[in-house]
$ cat work.cif   # mmCIF, C-alpha atoms
data_query
loop_
_atom_site.label_atom_id
_atom_site.label_comp_id
_atom_site.auth_asym_id
_atom_site.auth_seq_id
_atom_site.Cartn_x
_atom_site.Cartn_y
_atom_site.Cartn_z
CA MET A 1 -34.67 -18.51 18.77
CA ASP A 2 -32.61 -16.59 16.24
CA SER A 3 -34.18 -16.55 12.74
CA SER A 4 -30.74 -16.10 11.15
CA GLN A 5 -29.85 -19.64 12.34
CA LEU A 6 -33.00 -20.99 10.68
CA LEU A 7 -32.19 -19.08 7.50
CA LYS A 8 -28.74 -20.69 7.28
CA GLY A 9 -30.44 -24.04 6.89
CA VAL A 10 -32.68 -22.92 4.05
CA LEU A 11 -30.62 -20.21 2.36
CA ASP A 12 -29.78 -22.45 -0.62
CA THR A 13 -33.47 -23.03 -1.22
CA ALA A 14 -34.28 -19.31 -0.80
CA VAL A 15 -31.61 -18.29 -3.32
CA LEU A 16 -32.74 -20.90 -5.86
CA ALA A 17 -36.37 -19.76 -5.39
CA VAL A 18 -35.43 -16.11 -5.89
CA LEU A 19 -33.68 -17.02 -9.15
CA GLU A 20 -36.39 -19.42 -10.37
CA ASN A 21 -38.45 -16.80 -12.18
CA GLU A 22 -35.84 -14.19 -12.94
CA ASP A 23 -32.06 -14.28 -13.31
CA GLY A 24 -30.11 -11.88 -11.12
CA TYR A 25 -26.67 -10.57 -10.22
CA GLY A 26 -25.03 -10.46 -6.78
CA TYR A 27 -26.51 -7.45 -5.06
CA ASP A 28 -29.78 -7.82 -6.97
CA ILE A 29 -30.26 -11.22 -5.31
CA VAL A 30 -29.36 -9.77 -1.88
CA ARG A 31 -31.98 -7.03 -2.40
CA ARG A 32 -34.67 -9.51 -3.41
CA LEU A 33 -34.02 -11.68 -0.35
CA ARG A 34 -34.17 -8.61 1.90
CA GLU A 35 -37.41 -7.51 0.31
CA ALA A 36 -38.77 -11.02 0.89
CA GLY A 37 -38.34 -10.47 4.64
CA PHE A 38 -34.75 -11.49 5.34
CA ALA A 39 -33.73 -7.93 6.16
CA ASP A 40 -30.60 -8.83 8.12
CA ILE A 41 -29.03 -11.17 5.63
CA GLY A 42 -25.38 -10.32 4.95
CA ASP A 43 -24.30 -9.75 1.37
CA ALA A 44 -21.13 -11.80 1.87
CA THR A 45 -23.32 -14.70 2.98
CA VAL A 46 -25.30 -14.51 -0.25
CA TYR A 47 -22.23 -14.13 -2.48
CA GLY A 48 -20.61 -17.16 -0.86
CA THR A 49 -23.82 -19.16 -1.25
CA LEU A 50 -24.00 -18.23 -4.93
CA ARG A 51 -20.45 -19.45 -5.41
CA ARG A 52 -21.22 -22.71 -3.61
CA LEU A 53 -24.41 -23.36 -5.59
CA TYR A 54 -22.52 -22.60 -8.81
CA ALA A 55 -19.71 -24.99 -7.81
CA ALA A 56 -22.36 -27.63 -7.02
CA GLY A 57 -23.67 -27.34 -10.59
CA LEU A 58 -27.06 -25.88 -9.64
CA LEU A 59 -26.51 -22.43 -11.20
CA LYS A 60 -25.13 -21.12 -14.48
CA THR A 61 -23.65 -17.68 -15.04
CA TYR A 62 -23.36 -15.23 -17.90
CA VAL A 63 -21.90 -11.75 -18.17
CA VAL A 64 -23.98 -8.77 -19.26
CA PRO A 65 -21.94 -5.83 -20.53
CA SER A 66 -22.81 -2.43 -19.12
CA GLU A 67 -22.13 0.93 -20.77
CA ASP A 68 -22.18 3.10 -17.63
CA GLY A 69 -20.48 0.77 -15.16
CA PRO A 70 -18.74 -2.58 -14.65
CA HIS A 71 -20.03 -5.69 -16.38
CA ARG A 72 -22.53 -7.79 -14.41
CA LYS A 73 -22.25 -11.50 -13.76
CA TYR A 74 -25.79 -12.85 -13.78
CA TYR A 75 -26.82 -16.08 -12.12
CA ALA A 76 -29.55 -18.38 -13.42
CA VAL A 77 -30.96 -21.69 -12.20
CA ASN A 78 -30.13 -24.59 -14.54
CA THR A 79 -32.08 -27.84 -14.91
CA GLN A 80 -30.17 -29.44 -12.08
CA GLY A 81 -30.94 -26.46 -9.87
CA LEU A 82 -34.65 -26.61 -10.72
CA LYS A 83 -34.71 -30.29 -9.78
CA ALA A 84 -32.97 -29.52 -6.49
CA LEU A 85 -35.41 -26.67 -5.80
CA GLN A 86 -38.39 -28.91 -6.43
CA GLN A 87 -37.00 -31.51 -4.04
CA GLN A 88 -36.23 -28.89 -1.38
CA ARG A 89 -39.71 -27.41 -1.75
CA GLY A 90 -41.24 -30.79 -0.89
CA ILE A 91 -38.93 -31.19 2.11
CA TRP A 92 -39.78 -27.70 3.34
CA VAL A 93 -43.55 -28.19 3.05
CA GLU A 94 -43.36 -31.42 5.02
CA PHE A 95 -41.07 -29.84 7.62
CA ALA A 96 -43.22 -26.71 7.99
CA THR A 97 -46.42 -28.77 8.22
CA ASN A 98 -44.92 -30.88 10.98
CA MET A 99 -43.67 -27.81 12.86
CA SER A 100 -47.07 -26.11 12.52
CA ARG A 101 -48.74 -29.20 13.92
CA ILE A 102 -46.34 -29.31 16.88
CA LEU A 103 -46.62 -25.59 17.55
CA GLY A 104 -50.40 -25.55 17.10
CA THR A 105 -50.20 -22.71 14.59
CA PRO A 106 -52.33 -22.43 11.39
CA ASN A 107 -50.96 -24.64 8.62
CA THR A 108 -50.89 -22.33 5.60
CA PHE A 109 -49.48 -25.07 3.36
CA SER A 110 -52.35 -27.50 3.90
CA GLU A 111 -54.91 -24.69 3.69
CA GLY A 112 -53.42 -23.51 0.41
CA LYS A 113 -53.56 -27.03 -1.03
CA SER A 114 -57.20 -27.58 -0.07
CA LYS A 115 -58.41 -24.41 -1.78
CA MET B 1 -21.43 8.30 -5.98
CA THR B 2 -18.24 10.17 -5.30
CA LYS B 3 -14.69 9.34 -6.26
CA VAL B 4 -13.75 9.14 -2.57
CA GLN B 5 -16.41 6.48 -1.94
CA ASP B 6 -15.30 4.55 -5.03
CA LYS B 7 -11.76 4.53 -3.71
CA ALA B 8 -12.97 3.26 -0.33
CA ILE B 9 -14.84 0.42 -2.05
CA SER B 10 -11.80 -0.45 -4.18
CA ALA B 11 -9.60 -0.48 -1.08
CA PHE B 12 -12.14 -2.64 0.74
CA VAL B 13 -12.23 -5.18 -2.12
CA THR B 14 -8.42 -5.21 -2.20
CA ASP B 15 -8.40 -5.95 1.54
CA VAL B 16 -10.97 -8.71 1.11
CA ARG B 17 -8.82 -10.28 -1.61
CA ALA B 18 -5.79 -10.04 0.70
CA ALA B 19 -7.75 -11.75 3.46
CA LEU B 20 -8.62 -14.56 1.05
CA GLU B 21 -4.97 -15.11 0.20
CA GLY B 22 -4.07 -18.78 0.30
CA GLN B 23 -7.27 -19.82 -1.45
CA ASP B 24 -7.34 -21.08 -5.02
CA PRO B 25 -7.06 -18.03 -7.34
CA ASN B 26 -10.20 -19.20 -9.18
CA VAL B 27 -12.12 -19.23 -5.92
CA ILE B 28 -10.93 -15.71 -5.09
CA ALA B 29 -11.97 -14.58 -8.55
CA ASP B 30 -15.40 -16.22 -8.21
CA LEU B 31 -15.97 -14.56 -4.87
CA THR B 32 -14.68 -11.07 -5.64
CA ASP B 33 -14.84 -10.39 -9.39
CA ASN B 34 -18.17 -8.58 -9.16
CA LEU B 35 -17.80 -7.46 -5.58
CA GLU B 36 -16.90 -3.90 -6.41
CA ALA B 37 -19.96 -3.48 -8.66
CA ASP B 38 -22.20 -5.14 -6.06
CA LEU B 39 -20.91 -2.85 -3.30
CA MET B 40 -21.50 0.17 -5.49
CA ASP B 41 -25.08 -0.99 -6.04
CA ARG B 42 -25.51 -1.45 -2.32
CA GLN B 43 -24.05 1.98 -1.70
CA ALA B 44 -26.51 3.49 -4.14
CA SER B 45 -29.37 1.64 -2.51
CA GLU B 46 -28.49 2.33 1.14
CA THR B 47 -27.08 5.86 0.66
CA ASP B 48 -26.34 7.25 4.15
CA ALA B 49 -26.68 3.90 5.93
CA PHE B 50 -23.97 2.36 3.74
CA GLN B 51 -21.02 0.96 5.64
CA LEU B 52 -18.29 -1.31 4.36
CA GLY B 53 -17.40 -3.03 7.62
CA ASN B 54 -14.39 -5.22 8.35
CA PRO B 55 -12.85 -6.76 5.20
CA LYS B 56 -11.44 -9.74 7.16
CA LEU B 57 -14.85 -10.58 8.61
CA PHE B 58 -16.39 -10.11 5.18
CA ALA B 59 -13.87 -12.57 3.73
CA GLN B 60 -14.57 -15.07 6.53
CA GLU B 61 -18.30 -14.78 5.85
CA LEU B 62 -17.71 -15.34 2.13
CA LEU B 63 -15.68 -18.46 2.81
CA ALA B 64 -18.06 -19.81 5.44
CA SER B 65 -21.12 -19.49 3.22
CA ALA B 66 -19.21 -20.87 0.25
CA GLY B 67 -18.34 -23.92 2.36
CA LEU B 68 -14.60 -23.19 2.16
CA LEU B 69 -13.79 -22.14 5.70
CA SER B 70 -12.40 -25.58 6.59
CA VAL B 71 -9.34 -25.05 4.38
CA SER B 72 -8.95 -21.34 5.04
CA SER B 73 -7.04 -20.89 8.25
CA ALA B 74 -4.94 -22.97 10.58
CA ASP B 75 -6.52 -21.27 13.59
CA SER B 76 -10.02 -22.31 12.75
CA ARG B 77 -8.78 -25.83 11.92
CA ALA B 78 -7.12 -26.12 15.33
CA MET B 79 -10.18 -24.71 17.05
CA ARG B 80 -12.42 -27.13 15.21
CA PHE B 81 -10.13 -30.02 16.16
CA TRP B 82 -10.25 -29.17 19.87
CA ARG B 83 -13.99 -28.55 19.67
CA GLY B 84 -14.29 -32.01 18.09
CA VAL B 85 -12.17 -33.55 20.86
CA GLY B 86 -14.21 -31.76 23.54
CA SER B 87 -17.42 -32.86 21.93
CA ALA B 88 -16.24 -36.49 21.68
CA VAL B 89 -15.15 -36.49 25.34
CA TRP B 90 -18.46 -34.98 26.39
CA ARG B 91 -20.43 -37.55 24.37
CA PHE B 92 -18.36 -40.34 25.93
CA LEU B 93 -18.91 -39.00 29.46
CA LYS B 94 -22.62 -38.72 28.79
CA SER B 95 -22.72 -42.30 27.60
CA VAL B 96 -21.08 -43.58 30.83
CA ARG B 97 -23.28 -41.50 33.13
CA PRO B 98 -25.28 -44.60 34.25
CA ALA B 99 -22.03 -46.15 35.53
CA TRP B 100 -21.42 -42.97 37.55
CA TRP B 101 -24.94 -43.14 38.98
CA VAL B 102 -24.29 -46.70 40.21
CA PHE B 103 -20.89 -45.72 41.64
CA ARG B 104 -22.47 -42.67 43.31
CA GLY B 105 -24.94 -45.05 44.99
CA LEU B 106 -22.00 -47.06 46.33
CA MET B 107 -20.42 -43.84 47.63
CA ALA B 108 -23.68 -42.84 49.32
CA TYR B 109 -23.82 -46.28 50.93
CA THR B 110 -20.24 -45.93 52.20
CA LEU B 111 -20.87 -42.42 53.52
CA ILE B 112 -24.12 -43.27 55.28
CA TRP B 113 -22.62 -46.38 56.81
CA PHE B 114 -19.69 -44.35 58.09
CA VAL B 115 -21.76 -41.38 59.39
CA LEU B 116 -24.63 -43.32 60.96
CA LEU B 117 -22.90 -46.47 62.14
CA LYS B 118 -19.32 -45.20 62.45
CA GLN B 119 -18.12 -48.22 60.50
CA GLU B 120 -15.95 -48.40 57.46
CA LYS B 121 -17.69 -50.70 55.02
CA TYR B 122 -16.44 -50.67 51.48
CA ILE B 123 -18.06 -53.81 50.18
CA PRO B 124 -21.29 -55.23 51.71
CA ASP B 125 -20.74 -58.45 53.65
CA ASN B 126 -24.28 -59.34 54.74
CA PRO B 127 -27.81 -59.29 53.27
CA GLY B 128 -28.77 -56.10 55.17
CA ALA B 129 -25.73 -54.26 53.83
CA TRP B 130 -26.44 -55.46 50.30
CA LEU B 131 -30.05 -54.25 50.65
CA ALA B 132 -28.83 -50.84 51.85
CA LEU B 133 -26.46 -50.65 48.88
CA ALA B 134 -29.23 -51.62 46.45
CA VAL B 135 -31.49 -48.88 47.85
CA MET B 136 -28.73 -46.27 47.51
CA VAL B 137 -27.97 -47.34 43.93
CA VAL B 138 -31.65 -47.25 42.92
CA VAL B 139 -32.09 -43.77 44.46
CA SER B 140 -28.94 -42.47 42.74
CA VAL B 141 -29.95 -43.90 39.35
CA GLN B 142 -33.48 -42.50 39.64
CA ILE B 143 -32.12 -39.04 40.45
CA GLY B 144 -29.84 -39.29 37.42
CA ARG B 145 -32.65 -40.45 35.14
CA ALA B 146 -34.98 -37.68 36.33
CA ASN B 147 -32.54 -35.16 34.79
CA SER B 148 -34.37 -32.24 36.38
CA ARG B 149 -34.02 -28.79 34.75
CA LYS B 150 -34.78 -26.91 37.98
CA LEU B 151 -31.82 -24.79 39.03
CA ALA B 152 -32.14 -25.60 42.75
CA ILE B 153 -32.19 -29.34 42.06
CA ARG B 154 -29.26 -29.08 39.65
CA LEU B 155 -27.23 -27.14 42.24
CA ALA B 156 -28.06 -29.68 44.97
CA LEU B 157 -27.08 -32.47 42.60
CA ALA B 158 -23.78 -30.74 41.80
CA VAL B 159 -22.97 -30.54 45.55
CA LEU B 160 -23.90 -34.21 46.02
CA ASN B 161 -21.70 -35.19 43.08
CA ILE B 162 -18.75 -33.30 44.58
CA VAL B 163 -19.33 -35.05 47.92
CA ALA B 164 -19.47 -38.37 46.05
CA VAL B 165 -16.12 -37.61 44.39
CA LEU B 166 -14.56 -36.79 47.79
CA VAL B 167 -15.97 -39.98 49.29
CA ALA B 168 -14.64 -41.84 46.25
CA GLY B 169 -11.11 -40.71 47.14
CA TYR B 170 -11.60 -41.89 50.73
CA TRP B 171 -13.19 -45.12 49.46
CA LEU B 172 -10.30 -45.86 47.11
CA VAL B 173 -7.71 -45.37 49.87
CA GLY B 174 -9.68 -47.62 52.21
CA PHE B 175 -10.36 -50.17 49.51
CA ASN B 176 -6.67 -50.30 48.65
CA GLN B 177 -5.84 -51.00 52.28
CA VAL B 178 -8.40 -53.79 52.36
CA ARG B 179 -7.00 -55.16 49.11
CA ASP B 180 -3.43 -55.00 50.45
CA ASN B 181 -4.50 -56.86 53.57
CA TYR B 182 -6.24 -59.44 51.40
CA GLN B 183 -3.10 -59.85 49.32
CA ARG B 184 -1.04 -60.37 52.46
CA MET B 185 -3.49 -63.00 53.62
CA ASN B 186 -3.33 -64.57 50.19
CA VAL B 187 0.43 -64.82 50.43
CA LEU B 188 0.09 -66.58 53.76
CA PHE B 189 -2.48 -68.98 52.33
CA ASN B 190 -0.28 -69.69 49.34
CA SER B 191 2.62 -70.39 51.67
CA GLY B 192 0.75 -73.54 52.68
CA LEU B 193 -0.15 -72.37 56.16
CA LEU B 194 -3.49 -72.27 57.85
CA LEU B 195 -5.09 -69.21 59.38
CA GLN B 196 -7.03 -69.64 62.58
CA ASP B 197 -8.89 -66.52 63.75
CA GLY B 198 -6.44 -64.44 61.79
CA ARG B 199 -3.43 -66.11 63.33
CA VAL B 200 -0.94 -68.14 61.39
CA VAL B 201 -0.91 -71.79 62.24
CA GLY B 202 2.60 -73.04 61.80
CA PHE B 203 1.95 -76.74 62.06
CA ALA B 204 -1.07 -79.02 62.07
CA TYR B 205 -1.29 -82.58 63.30
CA ALA B 206 -4.05 -85.16 63.08
CA TYR B 207 -5.06 -87.29 66.04
CA ASP B 208 -7.40 -90.22 66.41
CA LYS B 209 -10.18 -90.28 69.05
CA ASN B 210 -7.76 -91.86 71.53
CA GLY B 211 -5.40 -88.97 71.21
CA LYS B 212 -2.89 -90.86 69.16
CA GLN B 213 -1.15 -88.84 66.49
CA LEU B 214 -1.88 -89.98 62.97
CA PRO B 215 0.44 -89.74 60.00
CA MET B 216 -0.77 -86.91 57.74
CA ALA B 217 0.27 -86.19 54.18
CA ALA B 218 -1.82 -83.02 53.64
CA LEU B 219 -5.04 -81.15 54.56
CA LYS B 220 -7.51 -80.32 51.83
CA ASP B 221 -10.73 -78.33 51.87
CA GLY B 222 -14.13 -79.57 50.64
CA ASN B 223 -13.22 -78.63 47.08
CA GLY B 224 -10.06 -80.69 47.16
CA HIS B 225 -7.80 -77.62 47.33
CA LEU B 226 -4.64 -78.04 49.35
CA ILE B 227 -4.81 -75.81 52.40
CA TYR B 228 -1.96 -77.23 54.44
CA GLN B 229 1.09 -79.16 53.48
CA PRO B 230 3.07 -80.53 56.41
CA PRO B 231 6.70 -79.59 56.37
CA ALA B 232 8.98 -81.97 54.56
CA SER B 233 10.86 -84.45 56.63
CA THR B 234 13.67 -83.02 58.66
CA ASP B 235 15.70 -86.13 57.89
CA LEU B 236 18.94 -85.15 56.34
CA PRO B 237 18.88 -85.56 52.56
CA PRO B 238 21.46 -88.21 51.54
CA ALA B 239 23.43 -85.77 49.37
CA LEU B 240 23.86 -83.39 52.32
CA ALA B 241 24.61 -86.23 54.74
CA ALA B 242 27.39 -87.30 52.41
CA THR B 243 29.09 -83.93 52.75
CA VAL B 244 29.92 -84.48 56.43
CA GLY B 245 33.64 -84.92 56.73
CA THR B 246 34.32 -83.57 53.27
CA ALA B 247 35.73 -80.19 52.25
CA LEU B 248 33.46 -77.13 52.61
CA ALA B 249 33.71 -76.49 48.85
CA ASN B 250 32.10 -79.88 48.25
CA ALA B 251 29.21 -79.05 50.60
CA ILE B 252 28.69 -75.70 48.94
CA SER B 253 28.32 -77.33 45.51
CA VAL B 254 25.59 -79.57 46.97
CA LEU B 255 23.91 -76.60 48.72
CA ASN B 256 23.82 -74.61 45.49
CA LYS B 257 21.37 -77.16 44.14
CA LEU B 258 18.92 -76.42 47.01
CA HIS B 259 17.64 -73.18 45.59
CA ASP B 260 15.04 -72.37 48.25
CA ALA B 261 17.05 -73.38 51.27
CA ILE B 262 18.39 -70.78 53.70
CA VAL B 263 21.91 -71.77 54.56
CA GLU B 264 23.62 -70.80 57.81
CA ILE B 265 27.30 -71.66 58.14
CA SER B 266 29.13 -71.41 61.41
CA TYR B 267 32.89 -71.76 61.63
CA GLN B 268 34.60 -73.37 64.59
CA ASP B 269 38.11 -72.09 65.39
CA LEU B 270 38.78 -71.14 61.82
CA PRO B 271 40.58 -67.87 61.01
CA GLU B 272 39.38 -67.91 57.42
CA VAL B 273 36.09 -68.70 55.87
CA GLN B 274 35.77 -70.95 52.81
CA SER B 275 38.14 -73.49 54.25
CA GLY B 276 37.94 -76.47 56.52
CA HIS B 277 35.68 -79.51 56.56
CA VAL B 278 32.02 -80.02 57.29
CA ALA B 279 31.65 -81.10 60.88
CA SER B 280 27.86 -81.44 60.92
CA VAL B 281 24.73 -80.65 58.93
CA GLN B 282 21.17 -80.10 60.19
CA VAL B 283 17.94 -79.37 58.38
CA SER B 284 14.92 -77.58 59.91
CA TYR B 285 11.81 -75.67 58.79
CA ASP B 286 10.50 -72.37 60.09
CA ALA B 287 6.87 -71.33 60.54
CA LEU B 288 6.63 -70.12 56.96
CA GLY B 289 7.79 -73.48 55.64
CA SER B 290 11.24 -72.33 54.55
CA GLN B 291 14.01 -74.88 54.70
CA HIS B 292 17.04 -73.97 56.83
CA VAL B 293 20.36 -75.78 56.57
CA GLN B 294 22.80 -75.32 59.42
CA LEU B 295 26.33 -76.19 58.52
CA VAL B 296 29.12 -76.37 61.07
CA VAL B 297 32.61 -76.15 59.59
CA ALA B 298 35.77 -77.11 61.48
CA LYS B 299 39.39 -77.83 60.70
#
$ encode --input "work.cif" --output "structure tokens"
Amino acid sequence: MDSSQLLKGVLDTAVLAVLENEDGYGYDIVRRLREAGFADIGDATVYGTLRRLYAAGLLKTYVVPSEDGPHRKYYAVNTQGLKALQQQRGIWVEFATNMSRILGTPNTFSEGKSK
Amino acid sequence: MTKVQDKAISAFVTDVRAALEGQDPNVIADLTDNLEADLMDRQASETDAFQLGNPKLFAQELLASAGLLSVSSADSRAMRFWRGVGSAVWRFLKSVRPAWWVFRGLMAYTLIWFVLLKQEKYIPDNPGAWLALAVMVVVSVQIGRANSRKLAIRLALAVLNIVAVLVAGYWLVGFNQVRDNYQRMNVLFNSGLLLQDGRVVGFAYAYDKNGKQLPMAALKDGNGHLIYQPPASTDLPPALAATVGTALANAISVLNKLHDAIVEISYQDLPEVQSGHVASVQVSYDALGSQHVQLVVAK
């Protein structure tokens, strides 16, 4: 199984999660996703996803002027995006719990909840 | 970062924008406005490993992840259409697989009957044959339902399916011949004639126990269906009888009203046809029930 195929299904959620605590600009978001373990993710894939999430009304943007380079367009999650992220989080936990049960692997979500 | 690398990035972004041509200008701006700065950041982060790649592929990836690929290129639209058609056909074929399994059972029945018993049997005609067909159908359906993933079994099944297709061709030819024969028989039945051991019975008569012929209007089967209609009387119809001694043209006008009759005209000592008078008229019926009118014309 190719993990990049799995990532395609959850990339929206991953991008929203990355932006939940801290706003970011294009390559900054790519870097954070790569540091989170998605080392092979393409930057064009992330930029396109950002555009789609923005068009769907889940992100807002603002420009930060820069003295030593081009201006940066920052992305931030708006209220609608936070709602969507919360919903997707619930779906993911249920999905991952079910998969863990089927695969017979430790269920980190249930364990985390019980602590 | 060097000026040369900056130029390469600028050229790359220009190429990406060119590859996005045809899209809404706002979309192109959304996707590429900060691209140069982002690529510079990436370059600074990756240093020696930095590579720009193919701008067209980059543009395709941008569109795909932005959910815009469906309106981007005619090629991908056409490909998606044919993929959709292929997928629909495949789904349809999968849904009718049980019908194929049953048909394959019929083919196996035909083949086994032909190989083992050297007989051509397309449709069972006795309880034993029906039982054999049922067994073949059940076996074929069970093999289909098993849907084994083992390569050897799948290969064997592929060979059997090909054999079934070949037998199907043979079966269809044979079945068509049987159907044609049936249709011919049907025509004979509909002609009002009886068939006795495959032979046409031209006429039927009823007799009493003393051997005296009885008048008979028609023969009907147990369901009341007409199976034999005796030929009409060979007595000369009055209209035709009245033509004797009159001009041929008069007889022809009467004959034109007998649509199904086969008319034979013979001329006696007449150099030209269509002239003279009717000398005699006779009516008869052939084995197929057709009415024949023999007309003799003389001066």
$ residues_around --input "work.cif" --residues "segment 24-36 of chain A" --least-positions-apart "4" --cutoff "9 Å" --atoms "all atoms listed in the file" --output "JSON, numbers by chain"
{"A": [14, 15, 18, 19, 40, 41, 42, 43, 46, 47, 50, 72, 73, 74, 75, 76], "B": [34, 35, 37, 38, 39, 41, 42]}
$ write_last_selection --input "work.cif" --atoms "C-alpha atoms" --output "PDB file, keeping the file's coordinate frame"
ATOM      1  CA  ALA A  14     -34.280 -19.310  -0.800  1.00  0.00           C
ATOM      2  CA  VAL A  15     -31.610 -18.290  -3.320  1.00  0.00           C
ATOM      3  CA  VAL A  18     -35.430 -16.110  -5.890  1.00  0.00           C
ATOM      4  CA  LEU A  19     -33.680 -17.020  -9.150  1.00  0.00           C
ATOM      5  CA  ASP A  40     -30.600  -8.830   8.120  1.00  0.00           C
ATOM      6  CA  ILE A  41     -29.030 -11.170   5.630  1.00  0.00           C
ATOM      7  CA  GLY A  42     -25.380 -10.320   4.950  1.00  0.00           C
ATOM      8  CA  ASP A  43     -24.300  -9.750   1.370  1.00  0.00           C
ATOM      9  CA  VAL A  46     -25.300 -14.510  -0.250  1.00  0.00           C
ATOM     10  CA  TYR A  47     -22.230 -14.130  -2.480  1.00  0.00           C
ATOM     11  CA  LEU A  50     -24.000 -18.230  -4.930  1.00  0.00           C
ATOM     12  CA  ARG A  72     -22.530  -7.790 -14.410  1.00  0.00           C
ATOM     13  CA  LYS A  73     -22.250 -11.500 -13.760  1.00  0.00           C
ATOM     14  CA  TYR A  74     -25.790 -12.850 -13.780  1.00  0.00           C
ATOM     15  CA  TYR A  75     -26.820 -16.080 -12.120  1.00  0.00           C
ATOM     16  CA  ALA A  76     -29.550 -18.380 -13.420  1.00  0.00           C
TER      17      ALA A  76
ATOM     18  CA  ASN B  34     -18.170  -8.580  -9.160  1.00  0.00           C
ATOM     19  CA  LEU B  35     -17.800  -7.460  -5.580  1.00  0.00           C
ATOM     20  CA  ALA B  37     -19.960  -3.480  -8.660  1.00  0.00           C
ATOM     21  CA  ASP B  38     -22.200  -5.140  -6.060  1.00  0.00           C
ATOM     22  CA  LEU B  39     -20.910  -2.850  -3.300  1.00  0.00           C
ATOM     23  CA  ASP B  41     -25.080  -0.990  -6.040  1.00  0.00           C
ATOM     24  CA  ARG B  42     -25.510  -1.450  -2.320  1.00  0.00           C
TER      25      ARG B  42
END
$ atom_distance --input "work.cif" --atom1 "atom CA of Gly86 of chain B" --atom2 "atom CA of Gln23 of chain B"
28.6 Å
$ closest_residue --input "work.cif" --among "A:Asp12, A:Ala56, A:Pro70, A:Leu6" --to "chain B" --atoms "only C-alpha atoms"
A:Pro70
$ closest_residue --input "work.cif" --among "B:Gln60, B:Gln213, B:Ser65, B:Ser95" --to "chain A" --atoms "only C-alpha atoms"
B:Ser65
$ residues_near_point --input "work.cif" --point "(-10.6, -7.9, 0.4)" --cutoff "8 Å" --atoms "all atoms listed in the file" --output "list in words"
Ala11, Phe12, Val13, Thr14, Asp15, Val16, Arg17, Ala18, Ala19, Leu20, Thr32, Pro55, Lys56, Phe58 and Ala59 of chain B
$ atom_distance --input "work.cif" --atom1 "atom CA of Tyr62 of chain A" --atom2 "atom CA of Leu63 of chain B"
22.3 Å
$ atom_distance --input "work.cif" --atom1 "atom CA of Trp113 of chain B" --atom2 "atom CA of Ala129 of chain B"
9.0 Å
$ residues_around --input "work.cif" --residues "Lys83 of chain A" --least-positions-apart "3" --cutoff "12 Å" --atoms "only C-alpha atoms" --output "VMD selection string"
chain A and resid 13 16 to 17 20 57 to 59 77 to 80 86 to 90
